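Worksheet: one structure, shown below.
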Amino acid sequence: MTERAVSYEKKGAVAVVTINNPPLNVMNQQVTRELKAAFAALKEDNETVAVILTGAGDRAFMAGADIKEFPNLIGKKGIKANFLEGHAFLNEIDQYPKPTIAVLNGLTFGGGCELALTCDLRIAEEHAQVGLPEIKLGLFPGGGGTQRLPRTVGDAKAKELMFTGDPIDAAEAKNIGLVSYVVPKGEGLQKALELAGRMTRHSLPALSKIKKAVDQGLSSSLEEGLDLEAELFEEVFQTEDIKEGVQAFIEKRKPAFSHK
């Protein structure tokens with residue numbers, strides 16, 4: 001029986017999803033399938049408010065795709081649909097209705113970098129290396145890298161990273177805005193749990209609407225974004241959590257949100 005390559009553990013309102021595909025946690029069909037299943041299960045779990053994604057061990061978050069699967073694609077035509085399936089999977093994480101945090105605890109290359117870019121926030125351990133080296137194989141990033149990286153760090157820096165294929169260290173990743181925090185080796189998960197804990201004390205409907213407003217607004221005009229914000233603001237006034245939040249404020253106590 002094949003061992004599982006992805007597992008998750010719940011820690012209160014936070015779930016930690018771990019990729020365990022030694023030695024470098026590369027992305028293959030099994031990892032993709034099990035990641036999709038884990039995120040789908042946690043999406044329906046009303047107790048989970050935020051999700052952390054990381055790699056097992058301390059060598060890699062994910063060192064890219066499994067290159068051994070590539071020869072089957074060389075020379076084939078009509079395989080765009082295969083790549084769009086990959087995009088659909090990554091889009092599910094990008095559009096996930098709960099806050100997501102990636103902990104980059106080692107090599108974060110190629111598909112690993114593209115996977116990390118689908119998360120809302122990224123934390124890098126100081127030994128992490130981040131890059132999109134596909135150009136060195138005669139390829140280019142095909143898992144959303146050409147689209148998500150420029151939106152995160154700007155087009156010039158994104159092109160530099162993709163044109164050269166050279167990795168950057170954690171400090172440089174923070175300097176260009178690719179990651180939010182750099183922490184000592186082995187402390188990434190702890191930092192992510194602390195950060196997630198500051199989120200999960202709040203209302204999930206409100207958190208989800210913040211994410212939707214920001215993400216969809218960035219691909220819209222300001223006028224369209226403001227219209228979306230007003231629509232979502234109306235929706236949040238229909239939730240049980242706003243009743244609890246306002247009442248708790250009036251009564252000078254901490255709110256007990258039901259996430260409804």
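Order determines the names: the first chain of the structure tokens is A, the second B, and so forth; residues in each chain are numbered 1 upward, and ligands are numbered 1 upward as they are shown.
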Inset, instruction - as a list in words, list the residues of region 82-165 of chain A assigned to strand (DSSP E) by DSSP on the backbone atoms of this structure. - result: Thr100, Ile101, Ala102, Val103, Leu104, Leu107, Thr108, Phe109, Leu121, Arg122, Ile123, Ala124, Glu125, Gln129, Val130 and Gly131 of chain A
Inset, instruction - Within 7 Å of region 169-181 of chain A, counting only C-alpha atoms, which residues show up once you throw out same-chain ones fewer than 4 positions away? Write them as a list in words, please. - result: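 Contacts, with the query itself left out: Leu121, Arg122, Ile123, Ala124, Glu125, Glu126, His127, Ala128, Gln129, Val130, Thr152 and Val153 of chain A.
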For those residues, write C-alpha atoms to a file as a CSV table (one decimal), in the first residue's frame.
chain,number,residue,atom,x,y,z
A,121,LEU,CA,1.0,34.7,3.5
A,122,ARG,CA,4.4,33.1,3.4
A,123,ILE,CA,6.9,32.6,6.2
A,124,ALA,CA,10.4,31.6,5.4
A,125,GLU,CA,13.0,29.9,7.6
A,126,GLU,CA,16.4,31.5,7.3
A,127,HIS,CA,17.9,28.6,5.4
A,128,ALA,CA,15.1,28.6,2.7
A,129,GLN,CA,16.0,29.1,-0.9
A,130,VAL,CA,13.2,30.3,-3.3
A,152,THR,CA,3.4,39.7,-5.7
A,153,VAL,CA,6.9,41.2,-6.4
Inset, instruction - One decimal, Å: what's the distance from CA of Gly217 (chain A) over to CA of Pro205 (chain A), could you say? - result: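 Between CA of Gly217 (chain A) and CA of Pro205 (chain A) the gap is 17.6 Å.
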Each region 104-153 of chain A residue no farther than 12 Å from region 7-19 of chain A, nearest pair in Å, only C-alpha atoms, as a tab-separated table:
residue	atom	partner	partner_atom	distance
A:Leu104	CA	A:Thr18	CA	11.4
A:Asn105	CA	A:Thr18	CA	11.2
A:Gly112	CA	A:Ile19	CA	10.7
A:Leu115	CA	A:Ile19	CA	11.6
Legend entry - All helix (DSSP H, G or I) positions in region 23-257 of chain A, as a ChimeraX atom specification: /A:29-44,67-72,80-94,111-117,133-137,145-153,155-164,170-175,188-200,204-218,222-236,240-250
Legend entry - Option closest in space to Ala37 (chain A), from A:Arg4, A:Lys209, A:Lys136, A:Lys77 [counting only C-alpha atoms]: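 The shortest atom-to-atom distance to Ala37 (chain A) comes from A:Arg4.
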Inset, instruction - Would you kindly return, as a ChimeraX atom specification, each protein, DNA or RNA residue with an atom no farther than 12 Å from any atom of Met27 (chain A), considering only C-alpha atoms and excluding same-chain residues fewer than 5 positions away? - result: /A:5-6,19-22,32-35,55,60-70,86,108-115,143
All residues 10 Å or closer to Leu161 (chain A), only C-alpha atoms, same chain fewer than 3 positions away omitted, as a short mmCIF file (atom, residue, chain, number, x, y, z; two decimals) with all heavy atoms, in the first residue's frame:
data_model
loop_
_atom_site.label_atom_id
_atom_site.label_comp_id
_atom_site.auth_asym_id
_atom_site.auth_seq_id
_atom_site.Cartn_x
_atom_site.Cartn_y
_atom_site.Cartn_z
N VAL A 130 14.46 30.15 -2.49
CA VAL A 130 13.24 30.27 -3.27
C VAL A 130 13.60 30.60 -4.72
O VAL A 130 14.43 31.48 -4.97
CB VAL A 130 12.31 31.36 -2.71
CG1 VAL A 130 10.98 31.39 -3.46
CG2 VAL A 130 12.07 31.16 -1.21
N GLY A 131 12.98 29.91 -5.66
CA GLY A 131 13.30 30.22 -7.05
C GLY A 131 12.41 29.50 -8.03
O GLY A 131 11.68 28.56 -7.69
N LEU A 132 12.48 29.94 -9.28
CA LEU A 132 11.77 29.32 -10.39
C LEU A 132 12.82 28.96 -11.44
O LEU A 132 13.12 29.75 -12.34
CB LEU A 132 10.74 30.30 -10.97
CG LEU A 132 9.54 30.59 -10.04
CD1 LEU A 132 8.77 31.80 -10.52
CD2 LEU A 132 8.62 29.37 -9.96
N PRO A 133 13.41 27.77 -11.32
CA PRO A 133 14.54 27.39 -12.18
C PRO A 133 14.15 26.71 -13.50
O PRO A 133 15.02 26.16 -14.18
CB PRO A 133 15.31 26.41 -11.29
CG PRO A 133 14.23 25.72 -10.50
CD PRO A 133 13.17 26.78 -10.26
N ILE A 135 13.65 27.63 -16.45
CA ILE A 135 14.37 28.05 -17.66
C ILE A 135 15.61 27.20 -17.90
O ILE A 135 16.04 27.00 -19.04
CB ILE A 135 14.74 29.56 -17.57
CG1 ILE A 135 15.19 30.10 -18.93
CG2 ILE A 135 15.80 29.79 -16.51
CD1 ILE A 135 14.10 30.17 -19.95
N LEU A 149 3.61 35.52 -9.54
CA LEU A 149 4.83 36.16 -9.04
C LEU A 149 4.88 37.65 -9.38
O LEU A 149 5.18 38.46 -8.50
CB LEU A 149 6.07 35.43 -9.57
CG LEU A 149 7.40 35.92 -8.99
CD1 LEU A 149 7.45 35.72 -7.48
CD2 LEU A 149 8.58 35.22 -9.66
N ASP A 155 6.66 43.19 -11.92
CA ASP A 155 7.03 42.47 -13.14
C ASP A 155 8.53 42.39 -13.38
O ASP A 155 9.04 41.36 -13.83
CB ASP A 155 6.32 43.09 -14.35
CG ASP A 155 6.72 44.52 -14.61
OD1 ASP A 155 7.00 45.26 -13.66
OD2 ASP A 155 6.76 44.91 -15.80
N ALA A 156 9.28 43.46 -13.08
CA ALA A 156 10.71 43.45 -13.38
C ALA A 156 11.45 42.39 -12.55
O ALA A 156 12.26 41.61 -13.09
CB ALA A 156 11.32 44.83 -13.14
N LYS A 157 11.19 42.36 -11.25
CA LYS A 157 11.86 41.38 -10.39
C LYS A 157 11.41 39.97 -10.74
O LYS A 157 12.22 39.03 -10.75
CB LYS A 157 11.58 41.67 -8.91
CG LYS A 157 12.46 40.87 -7.96
CD LYS A 157 13.93 41.25 -8.13
CE LYS A 157 14.85 40.44 -7.24
NZ LYS A 157 16.27 40.80 -7.42
N ALA A 158 10.13 39.81 -11.04
CA ALA A 158 9.62 38.49 -11.41
C ALA A 158 10.30 37.99 -12.68
O ALA A 158 10.71 36.82 -12.77
CB ALA A 158 8.11 38.54 -11.60
N THR A 164 16.61 34.23 -15.26
CA THR A 164 17.88 33.67 -14.82
C THR A 164 17.73 32.27 -14.23
O THR A 164 18.65 31.46 -14.32
CB THR A 164 18.55 34.56 -13.76
OG1 THR A 164 17.73 34.58 -12.57
CG2 THR A 164 18.73 35.99 -14.28
N GLY A 165 16.59 32.02 -13.61
CA GLY A 165 16.39 30.74 -12.93
C GLY A 165 17.16 30.62 -11.63
O GLY A 165 17.17 29.56 -11.00
N ASP A 166 17.81 31.71 -11.21
CA ASP A 166 18.63 31.67 -10.01
C ASP A 166 17.77 31.85 -8.75
O ASP A 166 16.89 32.71 -8.72
CB ASP A 166 19.69 32.76 -10.05
CG ASP A 166 20.70 32.56 -11.17
OD1 ASP A 166 20.89 31.39 -11.57
OD2 ASP A 166 21.28 33.56 -11.64
N PRO A 167 18.05 31.08 -7.71
CA PRO A 167 17.29 31.20 -6.47
C PRO A 167 17.71 32.40 -5.65
O PRO A 167 18.80 32.96 -5.85
CB PRO A 167 17.60 29.90 -5.73
CG PRO A 167 18.99 29.58 -6.18
CD PRO A 167 19.06 30.01 -7.63
N ILE A 168 16.85 32.81 -4.74
CA ILE A 168 17.19 33.85 -3.77
C ILE A 168 17.05 33.28 -2.37
O ILE A 168 16.35 32.28 -2.17
CB ILE A 168 16.29 35.10 -3.93
CG1 ILE A 168 14.81 34.71 -3.79
CG2 ILE A 168 16.55 35.79 -5.25
CD1 ILE A 168 13.85 35.90 -3.80
#
Inset, instruction - Give the answer as one residue: which of A:Lys185, A:Lys243, A:Lys80, A:Lys98 has the shortest atom-to-atom distance to Asp58 (chain A), using only C-alpha atoms? - result: A:Lys185
